[in-house]
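**Q** Following this message is one structure expressed as structure tokens.
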Amino acid sequence: MDRVITISRCQWQAFWRRFKRVGHLNAGNQGILLIFSILILVRYLQTLRTAAHDLPQGKTRVFESLLIAILFVWLFPLTTSTRNRLAIRKLLHLPLSLKELFAIRLITLLIPPYAWIVVAGSLAICYPLVAAQNPIAGVIAALLFIAFSGFTGLTIAQLLSLSAWRRLLFAALVLSGLMIFYLVQESGIEGWSSLLPYLPATMVKQAALGPRAWVAVGELALLAMAAFFAALWSFKQSLHVAPKGRSQKLTIFSALRIPGPAGALAAKDFRCFRRLLDPYLGVLAAAVGCLYLVTAEVASPGFLLIFLMGVLVLNLATAFNSFGLDNRASMDRLKLMPLTGTDVLFSKNLAFMMIVGFQIGPLILLGSWRLGPLVGGVGIIAAASMTAMYLAWGNWMSVNYPVKMQFYQFSSSHGQVIEVLTGIIFGSFPGMIAIYLLHTSGIKTAAWKIGLLLLCSGVIYLVSVRYLGGRFAQRVDRIVNALS
Amino acid sequence: MFEIETRNLTRNFGRLVAVNGLNLQIRKGAIFGFLGPNGAGKSTTVKMLTGLLQPTAGEALISGVSILDSPLEVKKKIGVLPEDLALFDSLTIWEHLLMCGPIYGLKRTETESRAMQLLKYLDLRDSRNVYVDQASSGMRKKCSLAMALLHNPAVLFLDEPFEGIDPVSSRNIKDLLLLLASRGATIFLTSHILEVVERLVESFAIIVDGEIVCSQTVEETLSAGQTIEELFLKHVRRDEVEQLEWIG
């Protein structure tokens, strides 16, 4: 136990030292994040009061929504906590048992202040349960539910570091999506009702209100135990990730090469970006868009543009934080090469275009097939225009607000809320204009106006890459420090 | 004209003077050893000469071109094996070389042919598809060295090239460096393995606390009846240390 405490104390010191390095609340919009957090907390407390009022009357909708929110809150922060896992791997040479390492991992997860907020917010769910019919069973069930959520999040985060499991989880996600689509198509939203009793949130409700409260508690205890053992097992697996050893032989992606220095670097960045999880959400969005275009009785050009916008938004981490996957060594290599800042930025942009191109390509093709080649052409112009705007804004953000991202994790804005939101509006602007034009004027009139939009976006992009390329060369050391 | 020349090259980190008024002159085709204890300023000097770090004061010229005024022109002429190897974790050894060629203006076929020859020479051919983050430290170092050599640079900067390298590859690298120098390339290397330096370099300098304390040719050293190691230990003072009686 002493060893666990000693190492946890060091982890605590290391975390706060990193935190203090930032220095002030303005950095990374931490002040604004704090305000948002307080606003969300106030809203949460209000909703808790509503749930506490509704629950004794048997109304459980608000309460169950809160439980689902808690489940998701526990899932996502844990998936971005790679640094902790990496730090644990560095402890492997010490005489620590698996249980001790796992205990350190759990304690380390609770070091950041956001974890305290999540814990406090989760425990607050016990408040409405005090007024329920079975308060003790309800509170125990809620605590088990929180434990289940935490261990499930941890398991997923750890499995994402294993390539076979990553593929499996992605396949499971796609399959669940298709199943939901099938259920909704076949029997409407009611098709879900048969699954409800097996959901953990429903079990908490049954424990608090139902006649067989302790059965529900027992079921939740089993689930929590299963989640705990799954977390421990996945932790053990993630500690000893077998090296892939060799890269896969020529795939369609590695065969694709653009000539010249920028192309050589873009191939490298393309490879990096593919190891971030965000673009796979873009793939899902594109797949949903394709499904819509294939199955809709009357497809709408507006929806095509909305799907294009959605794909771009889900890929924005690779445009807005294009140095996020680099480290000191790779930045040193860029500095050693005979490249200007503009070359480096352009290569990053090229990689983004390749990633997005693969996703929106099928959408555009299906759009042309269902809605005619003119709409397909408008889709291409609008997508190019939005890409240019996203990249123009993204170059500014990448150079000024670089944030470390980790392979096989979802990116996190780490507080650049205002800049990211403004960037989304800025980047989606041509798409919104295109939808408006398609709605108000004929397709032919809209087409040339959207073409003009592309011209403007192109000019903005060129100015951005040129100016910010120079700025990159000046700020490269700061970027390296931010990524270290 | 000297191939590498520094004039009062200085670098401060806050109050710490890492390199203080360094003056070096290295002729074309020479192998120059830059020696010193840990933290003496060797890697800082290499970083300034290769454009990784801006000097606080002074000037550095490579083939007569200022690294401060024309960094791109200089970077095209030099090959660098940096201290941290500067590799991309997500690429294989082969992909590193394929990426490097076009950046230095080589055609793809030329890049592939040179890369394969270098990999064979450095005994890396069988491990060319290994990701560098999963490669051994020796393989990583050889990959970085191959990247430095791929475009046939006029000046080569090597920071600790023999550290962590197996004896066979080490011998190959030494032979390669001698061949390069005989064909007119200038080599600037730092190393702690003084026996290797003695057999390889033409001249050397010892830097201690950011200042050159000794600069001469190997011939001068040997004719004075000394070895580089003796000279090194003479200039690098070692404080009296307590015996660790509890060990063993």
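By order of appearance in the structure tokens: chains A, B, ..., then residues from 1 within every chain, and ligands from 1 in the order shown.
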Taking only C-alpha atoms into account, produce a table as JSON lines in which each residue of chain A with an atom at most 9 Å from an atom of chain B appears once, together with its shortest atom pair and the distance in Å to one decimal, ordered by chain and rising number.
**A**
{"residue": "A:Pro243", "atom": "CA", "partner": "B:Gln134", "partner_atom": "CA", "distance": 6.4}
{"residue": "A:Lys244", "atom": "CA", "partner": "B:Gln134", "partner_atom": "CA", "distance": 7.8}
{"residue": "A:Gly245", "atom": "CA", "partner": "B:Val130", "partner_atom": "CA", "distance": 5.5}
{"residue": "A:Arg246", "atom": "CA", "partner": "B:Val130", "partner_atom": "CA", "distance": 4.4}
{"residue": "A:Ser247", "atom": "CA", "partner": "B:Asn129", "partner_atom": "CA", "distance": 5.6}
{"residue": "A:Gln248", "atom": "CA", "partner": "B:Asn129", "partner_atom": "CA", "distance": 8.3}
{"residue": "A:Lys249", "atom": "CA", "partner": "B:Asn129", "partner_atom": "CA", "distance": 8.5}
{"residue": "A:Pro259", "atom": "CA", "partner": "B:Pro102", "partner_atom": "CA", "distance": 7.7}
{"residue": "A:Gly260", "atom": "CA", "partner": "B:Pro102", "partner_atom": "CA", "distance": 5.6}
{"residue": "A:Pro261", "atom": "CA", "partner": "B:Ile103", "partner_atom": "CA", "distance": 4.2}
{"residue": "A:Ala262", "atom": "CA", "partner": "B:Ile103", "partner_atom": "CA", "distance": 7.7}
{"residue": "A:Gly263", "atom": "CA", "partner": "B:Pro102", "partner_atom": "CA", "distance": 8.6}
{"residue": "A:Ala264", "atom": "CA", "partner": "B:Met99", "partner_atom": "CA", "distance": 4.8}
{"residue": "A:Leu265", "atom": "CA", "partner": "B:Met99", "partner_atom": "CA", "distance": 6.4}
{"residue": "A:Ala267", "atom": "CA", "partner": "B:Met99", "partner_atom": "CA", "distance": 8.0}
{"residue": "A:Lys268", "atom": "CA", "partner": "B:Leu91", "partner_atom": "CA", "distance": 7.0}
{"residue": "A:Asp269", "atom": "CA", "partner": "B:Ser90", "partner_atom": "CA", "distance": 8.9}
{"residue": "A:Arg271", "atom": "CA", "partner": "B:Ser90", "partner_atom": "CA", "distance": 6.9}
{"residue": "A:Cys272", "atom": "CA", "partner": "B:Ser90", "partner_atom": "CA", "distance": 6.1}
{"residue": "A:Arg275", "atom": "CA", "partner": "B:Ser90", "partner_atom": "CA", "distance": 8.5}
{"residue": "A:Asp326", "atom": "CA", "partner": "B:Phe88", "partner_atom": "CA", "distance": 7.9}
{"residue": "A:Asn327", "atom": "CA", "partner": "B:Phe88", "partner_atom": "CA", "distance": 8.4}
{"residue": "A:Arg328", "atom": "CA", "partner": "B:Ala86", "partner_atom": "CA", "distance": 7.7}
{"residue": "A:Ala329", "atom": "CA", "partner": "B:Ala86", "partner_atom": "CA", "distance": 4.0}
{"residue": "A:Ser330", "atom": "CA", "partner": "B:Ala86", "partner_atom": "CA", "distance": 5.2}
{"residue": "A:Met331", "atom": "CA", "partner": "B:Ala86", "partner_atom": "CA", "distance": 7.4}
{"residue": "A:Asp332", "atom": "CA", "partner": "B:Ala86", "partner_atom": "CA", "distance": 5.6}
{"residue": "A:Arg333", "atom": "CA", "partner": "B:Ala86", "partner_atom": "CA", "distance": 4.8}
{"residue": "A:Leu334", "atom": "CA", "partner": "B:Ala86", "partner_atom": "CA", "distance": 8.5}
{"residue": "A:Lys335", "atom": "CA", "partner": "B:Leu52", "partner_atom": "CA", "distance": 6.1}
{"residue": "A:Leu336", "atom": "CA", "partner": "B:Leu52", "partner_atom": "CA", "distance": 6.5}
{"residue": "A:Met337", "atom": "CA", "partner": "B:Lys75", "partner_atom": "CA", "distance": 6.2}
{"residue": "A:Pro338", "atom": "CA", "partner": "B:Leu72", "partner_atom": "CA", "distance": 4.8}
{"residue": "A:Leu339", "atom": "CA", "partner": "B:Leu72", "partner_atom": "CA", "distance": 6.7}
{"residue": "A:Thr340", "atom": "CA", "partner": "B:Leu72", "partner_atom": "CA", "distance": 7.6}
{"residue": "A:Asp477", "atom": "CA", "partner": "B:Leu53", "partner_atom": "CA", "distance": 8.9}
**Q** With a distance cut-off of 12 Å and only C-alpha atoms, select the neighbouring residues of Gly150 of chain A, excluding the residue or stretch itself and same-chain residues fewer than 3 positions from it, and output the selection as a VMD selection string.
**A** chain A and resid 70 to 79 106 109 to 110 115 118 to 119 122 143 to 147 153 to 157 223 to 225 227 to 228 230 to 231
**Q** Could you list, as a ChimeraX atom specification, every residue within 12 Å of Lys234 of chain B, counting only C-alpha atoms and ignoring same-chain residues fewer than 6 positions away?
**A** /B:36,206,208,213-214,226-228
**Q** Output N, CA and C atoms for every residue in the selection just made, as a CSV table (one decimal), in the first residue's frame.
**A**
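The result, stored in result.csv:
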chain,number,residue,atom,x,y,z
B,36,GLY,N,33.6,16.5,-25.2
B,36,GLY,CA,33.3,17.2,-24.0
B,36,GLY,C,32.5,16.3,-23.1
B,206,ILE,N,38.0,20.1,-27.5
B,206,ILE,CA,37.3,19.7,-26.3
B,206,ILE,C,36.6,20.9,-25.7
B,208,VAL,N,34.3,22.5,-22.6
B,208,VAL,CA,34.0,22.3,-21.2
B,208,VAL,C,33.2,23.6,-20.7
B,213,VAL,N,38.4,24.3,-24.6
B,213,VAL,CA,39.6,24.4,-23.7
B,213,VAL,C,40.8,23.7,-24.4
B,214,CYS,N,40.6,23.1,-25.5
B,214,CYS,CA,41.7,22.5,-26.3
B,214,CYS,C,41.3,22.2,-27.7
B,226,GLN,N,50.9,11.8,-26.1
B,226,GLN,CA,49.7,11.7,-25.3
B,226,GLN,C,48.6,11.0,-26.1
B,227,THR,N,47.5,10.6,-25.4
B,227,THR,CA,46.3,10.1,-26.1
B,227,THR,C,45.2,11.1,-25.9
B,228,ILE,N,44.2,11.0,-26.8
B,228,ILE,CA,43.0,12.0,-26.6
B,228,ILE,C,42.4,11.8,-25.2
**Q** Identify all residues of segment 104-161 of chain B in strand (DSSP E) (DSSP on the backbone) and supply them as a PyMOL selection string.
**A** chain B and resi 155-159
**Q** Would you return as a compact mmCIF listing (two decimals) with N, CA and C atoms, in the first residue's frame the members of segment 214-342 of chain A that DSSP assigns to alpha helix (DSSP H) on this structure's backbone?
**A**
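Listed below is the output, selection-v5.txt:
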# COMPACT_ATOMS: atom_id res chain seq x y z
N TRP A 214 -34.44 -5.51 -4.62
CA TRP A 214 -33.14 -6.13 -4.33
C TRP A 214 -32.68 -7.05 -5.45
N VAL A 215 -33.61 -7.53 -6.25
CA VAL A 215 -33.22 -8.32 -7.43
C VAL A 215 -32.46 -7.41 -8.40
N ALA A 216 -33.03 -6.20 -8.59
CA ALA A 216 -32.38 -5.23 -9.49
C ALA A 216 -31.00 -4.85 -8.95
N VAL A 217 -30.91 -4.68 -7.60
CA VAL A 217 -29.61 -4.34 -7.00
C VAL A 217 -28.61 -5.48 -7.27
N GLY A 218 -29.09 -6.71 -7.09
CA GLY A 218 -28.23 -7.87 -7.33
C GLY A 218 -27.74 -7.91 -8.78
N GLU A 219 -28.65 -7.63 -9.70
CA GLU A 219 -28.27 -7.63 -11.13
C GLU A 219 -27.21 -6.55 -11.40
N LEU A 220 -27.42 -5.38 -10.79
CA LEU A 220 -26.46 -4.29 -10.99
C LEU A 220 -25.11 -4.63 -10.36
N ALA A 221 -25.16 -5.30 -9.19
CA ALA A 221 -23.90 -5.70 -8.54
C ALA A 221 -23.12 -6.65 -9.45
N LEU A 222 -23.86 -7.57 -10.08
CA LEU A 222 -23.20 -8.50 -11.01
C LEU A 222 -22.58 -7.75 -12.19
N LEU A 223 -23.36 -6.79 -12.71
CA LEU A 223 -22.86 -5.99 -13.84
C LEU A 223 -21.61 -5.21 -13.44
N ALA A 224 -21.66 -4.58 -12.24
CA ALA A 224 -20.52 -3.78 -11.77
C ALA A 224 -19.30 -4.67 -11.59
N MET A 225 -19.53 -5.88 -11.05
CA MET A 225 -18.41 -6.80 -10.85
C MET A 225 -17.81 -7.23 -12.19
N ALA A 226 -18.70 -7.52 -13.13
CA ALA A 226 -18.24 -7.90 -14.47
C ALA A 226 -17.43 -6.76 -15.09
N ALA A 227 -17.93 -5.53 -14.91
CA ALA A 227 -17.22 -4.37 -15.48
C ALA A 227 -15.86 -4.21 -14.80
N PHE A 228 -15.80 -4.46 -13.48
CA PHE A 228 -14.53 -4.36 -12.75
C PHE A 228 -13.52 -5.37 -13.30
N PHE A 229 -13.96 -6.62 -13.45
CA PHE A 229 -13.03 -7.64 -13.94
C PHE A 229 -12.63 -7.37 -15.40
N ALA A 230 -13.57 -6.83 -16.16
CA ALA A 230 -13.24 -6.47 -17.55
C ALA A 230 -12.19 -5.37 -17.56
N ALA A 231 -12.34 -4.39 -16.64
CA ALA A 231 -11.37 -3.29 -16.56
C ALA A 231 -10.00 -3.82 -16.17
N LEU A 232 -9.98 -4.74 -15.18
CA LEU A 232 -8.71 -5.30 -14.72
C LEU A 232 -8.05 -6.12 -15.84
N TRP A 233 -8.86 -6.92 -16.53
CA TRP A 233 -8.35 -7.75 -17.62
C TRP A 233 -7.79 -6.87 -18.75
N SER A 234 -8.59 -5.84 -19.14
CA SER A 234 -8.14 -4.97 -20.25
C SER A 234 -6.91 -4.18 -19.83
N PHE A 235 -6.82 -3.84 -18.53
CA PHE A 235 -5.64 -3.13 -18.03
C PHE A 235 -4.40 -4.00 -18.22
N LYS A 236 -4.54 -5.28 -17.86
CA LYS A 236 -3.42 -6.21 -17.99
C LYS A 236 -3.01 -6.33 -19.47
N GLN A 237 -4.02 -6.43 -20.34
CA GLN A 237 -3.72 -6.54 -21.78
C GLN A 237 -3.02 -5.29 -22.29
N SER A 238 -3.51 -4.12 -21.84
CA SER A 238 -2.96 -2.86 -22.37
C SER A 238 -1.53 -2.62 -21.88
N LEU A 239 -1.17 -3.24 -20.74
CA LEU A 239 0.19 -3.06 -20.23
C LEU A 239 1.21 -3.79 -21.10
N ILE A 252 -4.19 0.32 -49.96
CA ILE A 252 -4.61 1.34 -50.94
C ILE A 252 -4.09 2.72 -50.52
N PHE A 253 -4.01 2.93 -49.17
CA PHE A 253 -3.59 4.24 -48.67
C PHE A 253 -2.10 4.49 -48.89
N SER A 254 -1.27 3.44 -48.56
CA SER A 254 0.16 3.69 -48.69
C SER A 254 0.59 3.71 -50.16
N ALA A 255 -0.22 3.11 -51.03
CA ALA A 255 0.11 3.14 -52.46
C ALA A 255 -0.12 4.54 -53.03
N GLY A 260 6.58 15.13 -54.99
CA GLY A 260 7.14 16.37 -54.44
C GLY A 260 7.28 16.33 -52.93
N PRO A 261 7.99 17.34 -52.37
CA PRO A 261 8.24 17.37 -50.92
C PRO A 261 6.96 17.39 -50.09
N ALA A 262 5.98 18.23 -50.52
CA ALA A 262 4.74 18.32 -49.74
C ALA A 262 4.01 16.99 -49.74
N GLY A 263 4.05 16.29 -50.89
CA GLY A 263 3.38 14.99 -50.99
C GLY A 263 4.01 13.97 -50.06
N ALA A 264 5.37 14.00 -49.99
CA ALA A 264 6.08 13.05 -49.13
C ALA A 264 5.69 13.27 -47.67
N LEU A 265 5.63 14.54 -47.28
CA LEU A 265 5.25 14.83 -45.89
C LEU A 265 3.77 14.55 -45.64
N ALA A 266 2.94 14.86 -46.65
CA ALA A 266 1.50 14.64 -46.50
C ALA A 266 1.20 13.16 -46.28
N ALA A 267 1.96 12.29 -46.96
CA ALA A 267 1.76 10.84 -46.78
C ALA A 267 2.01 10.47 -45.33
N LYS A 268 3.03 11.10 -44.73
CA LYS A 268 3.35 10.85 -43.32
C LYS A 268 2.19 11.32 -42.43
N ASP A 269 1.71 12.55 -42.70
CA ASP A 269 0.64 13.10 -41.87
C ASP A 269 -0.67 12.34 -42.05
N PHE A 270 -0.91 11.90 -43.28
CA PHE A 270 -2.11 11.10 -43.55
C PHE A 270 -2.10 9.85 -42.69
N ARG A 271 -0.93 9.26 -42.59
CA ARG A 271 -0.77 8.05 -41.78
C ARG A 271 -1.03 8.35 -40.29
N CYS A 272 -0.53 9.52 -39.85
CA CYS A 272 -0.74 9.93 -38.45
C CYS A 272 -2.23 10.17 -38.19
N PHE A 273 -2.86 10.93 -39.07
CA PHE A 273 -4.27 11.31 -38.85
C PHE A 273 -5.17 10.07 -38.80
N ASP A 278 -11.12 10.45 -34.28
CA ASP A 278 -12.12 11.39 -34.82
C ASP A 278 -12.52 11.12 -36.27
N PRO A 279 -11.53 10.91 -37.17
CA PRO A 279 -11.93 10.69 -38.56
C PRO A 279 -12.88 9.50 -38.74
N TYR A 280 -12.83 8.54 -37.81
CA TYR A 280 -13.72 7.38 -37.95
C TYR A 280 -15.17 7.76 -37.65
N LEU A 281 -15.34 8.82 -36.84
CA LEU A 281 -16.70 9.35 -36.66
C LEU A 281 -17.17 9.96 -37.97
N GLY A 282 -16.22 10.62 -38.66
CA GLY A 282 -16.51 11.18 -39.98
C GLY A 282 -16.93 10.09 -40.95
N VAL A 283 -16.23 8.94 -40.88
CA VAL A 283 -16.58 7.80 -41.75
C VAL A 283 -18.01 7.34 -41.44
N LEU A 284 -18.34 7.31 -40.14
CA LEU A 284 -19.70 6.90 -39.75
C LEU A 284 -20.73 7.87 -40.29
N ALA A 285 -20.43 9.18 -40.15
CA ALA A 285 -21.36 10.21 -40.65
C ALA A 285 -21.54 10.06 -42.16
N ALA A 286 -20.43 9.81 -42.85
CA ALA A 286 -20.51 9.64 -44.31
C ALA A 286 -21.33 8.39 -44.64
N ALA A 287 -21.16 7.32 -43.83
CA ALA A 287 -21.91 6.09 -44.08
C ALA A 287 -23.41 6.33 -43.89
N VAL A 288 -23.75 7.09 -42.84
CA VAL A 288 -25.17 7.41 -42.60
C VAL A 288 -25.71 8.22 -43.78
N GLY A 289 -24.89 9.18 -44.26
CA GLY A 289 -25.28 10.01 -45.41
C GLY A 289 -25.52 9.15 -46.64
N CYS A 290 -24.62 8.18 -46.86
CA CYS A 290 -24.76 7.29 -48.02
C CYS A 290 -26.04 6.46 -47.89
N LEU A 291 -26.28 5.98 -46.66
CA LEU A 291 -27.48 5.18 -46.40
C LEU A 291 -28.73 6.01 -46.71
N TYR A 292 -28.68 7.28 -46.30
CA TYR A 292 -29.81 8.17 -46.57
C TYR A 292 -30.03 8.33 -48.08
N LEU A 293 -28.92 8.56 -48.79
CA LEU A 293 -29.03 8.79 -50.23
C LEU A 293 -29.55 7.54 -50.97
N VAL A 294 -29.20 6.38 -50.45
CA VAL A 294 -29.63 5.14 -51.10
C VAL A 294 -31.10 4.84 -50.78
N THR A 295 -31.50 5.08 -49.50
CA THR A 295 -32.82 4.61 -49.07
C THR A 295 -33.93 5.67 -49.16
N PRO A 301 -31.09 17.84 -51.94
CA PRO A 301 -29.72 18.39 -52.08
C PRO A 301 -29.26 19.04 -50.77
N GLY A 302 -30.21 19.66 -50.04
CA GLY A 302 -29.88 20.30 -48.76
C GLY A 302 -29.29 19.30 -47.78
N PHE A 303 -29.88 18.09 -47.73
CA PHE A 303 -29.38 17.07 -46.82
C PHE A 303 -27.97 16.61 -47.21
N LEU A 304 -27.75 16.55 -48.53
CA LEU A 304 -26.41 16.18 -49.00
C LEU A 304 -25.37 17.16 -48.43
N LEU A 305 -25.71 18.47 -48.51
CA LEU A 305 -24.77 19.49 -48.01
C LEU A 305 -24.63 19.40 -46.49
N ILE A 306 -25.74 19.08 -45.80
CA ILE A 306 -25.66 18.94 -44.34
C ILE A 306 -24.73 17.78 -43.97
N PHE A 307 -24.83 16.67 -44.69
CA PHE A 307 -23.93 15.54 -44.42
C PHE A 307 -22.48 15.92 -44.70
N LEU A 308 -22.26 16.70 -45.77
CA LEU A 308 -20.89 17.14 -46.07
C LEU A 308 -20.35 17.98 -44.92
N MET A 309 -21.22 18.88 -44.41
CA MET A 309 -20.81 19.73 -43.28
C MET A 309 -20.50 18.87 -42.07
N GLY A 310 -21.35 17.86 -41.82
CA GLY A 310 -21.16 16.98 -40.67
C GLY A 310 -19.82 16.24 -40.74
N VAL A 311 -19.50 15.75 -41.93
CA VAL A 311 -18.23 15.02 -42.09
C VAL A 311 -17.06 15.95 -41.77
N LEU A 312 -17.13 17.19 -42.28
CA LEU A 312 -16.03 18.14 -42.03
C LEU A 312 -15.91 18.48 -40.55
N VAL A 313 -17.05 18.68 -39.88
CA VAL A 313 -17.02 19.02 -38.45
C VAL A 313 -16.37 17.88 -37.65
N LEU A 314 -16.70 16.65 -38.01
CA LEU A 314 -16.16 15.53 -37.24
C LEU A 314 -14.67 15.31 -37.49
N LEU A 316 -12.61 17.96 -37.68
CA LEU A 316 -11.94 19.26 -37.50
C LEU A 316 -10.67 19.19 -36.66
N ALA A 317 -10.51 18.16 -35.82
CA ALA A 317 -9.29 18.08 -34.99
C ALA A 317 -8.04 18.05 -35.87
N THR A 318 -8.15 17.38 -37.02
CA THR A 318 -6.97 17.26 -37.87
C THR A 318 -6.70 18.55 -38.66
N ALA A 319 -7.70 19.42 -38.73
CA ALA A 319 -7.47 20.71 -39.38
C ALA A 319 -7.12 21.78 -38.35
N PHE A 320 -7.81 21.75 -37.20
CA PHE A 320 -7.63 22.81 -36.19
C PHE A 320 -6.43 22.57 -35.28
N ARG A 328 8.36 16.36 -29.98
CA ARG A 328 9.59 17.15 -30.10
C ARG A 328 10.50 16.58 -31.20
N ALA A 329 10.62 15.25 -31.25
CA ALA A 329 11.52 14.63 -32.22
C ALA A 329 11.04 14.89 -33.65
N SER A 330 9.74 14.73 -33.88
CA SER A 330 9.26 14.92 -35.25
C SER A 330 9.32 16.39 -35.66
N MET A 331 9.10 17.28 -34.69
CA MET A 331 9.22 18.71 -35.02
C MET A 331 10.68 19.06 -35.32
N ASP A 332 11.60 18.41 -34.61
CA ASP A 332 13.03 18.63 -34.88
C ASP A 332 13.35 18.21 -36.32
N ARG A 333 12.77 17.08 -36.74
CA ARG A 333 13.03 16.61 -38.10
C ARG A 333 12.52 17.64 -39.11
N LEU A 334 11.34 18.19 -38.84
CA LEU A 334 10.79 19.20 -39.76
C LEU A 334 11.72 20.41 -39.82
N LYS A 335 12.31 20.75 -38.66
CA LYS A 335 13.21 21.91 -38.63
C LYS A 335 14.52 21.61 -39.37
N LEU A 336 14.93 20.34 -39.36
CA LEU A 336 16.19 19.99 -40.02
C LEU A 336 16.06 19.95 -41.54
N GLY A 341 7.95 27.15 -43.59
CA GLY A 341 6.76 26.95 -42.77
C GLY A 341 5.54 26.69 -43.65
N THR A 342 5.49 27.37 -44.80
CA THR A 342 4.36 27.20 -45.72
C THR A 342 4.32 25.76 -46.25
**Q** So what do you get for atom CA of Gly324 of chain A versus atom CA of Pro402 of chain A, distance-wise?
**A**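 Between atom CA of Gly324 of chain A and atom CA of Pro402 of chain A the gap works out to 6.1 Å.
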**Q** Which polymer residues have any atom within 7 Å of an atom of Gly33 of chain B, counting only C-alpha atoms, with same-chain residues fewer than 3 positions away left out, as a PyMOL selection string?
**A** chain B and resi 188-190+197+201+203-205
**Q** When you look at Arg466 of chain A with a cut-off of 12 Å (counting only C-alpha atoms), what residues show up, excluding the ones that are within fewer than 6 positions of it in the same chain? I need them as a list in words.
**A**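 Residues near the query, excluding close chain neighbours: Thr340, Gly341, Thr342, Asp343, Val344, Leu345, Phe346, Ala392, Asn395, Trp396, Val459, Ile460, Phe472 and Ala473 of chain A.
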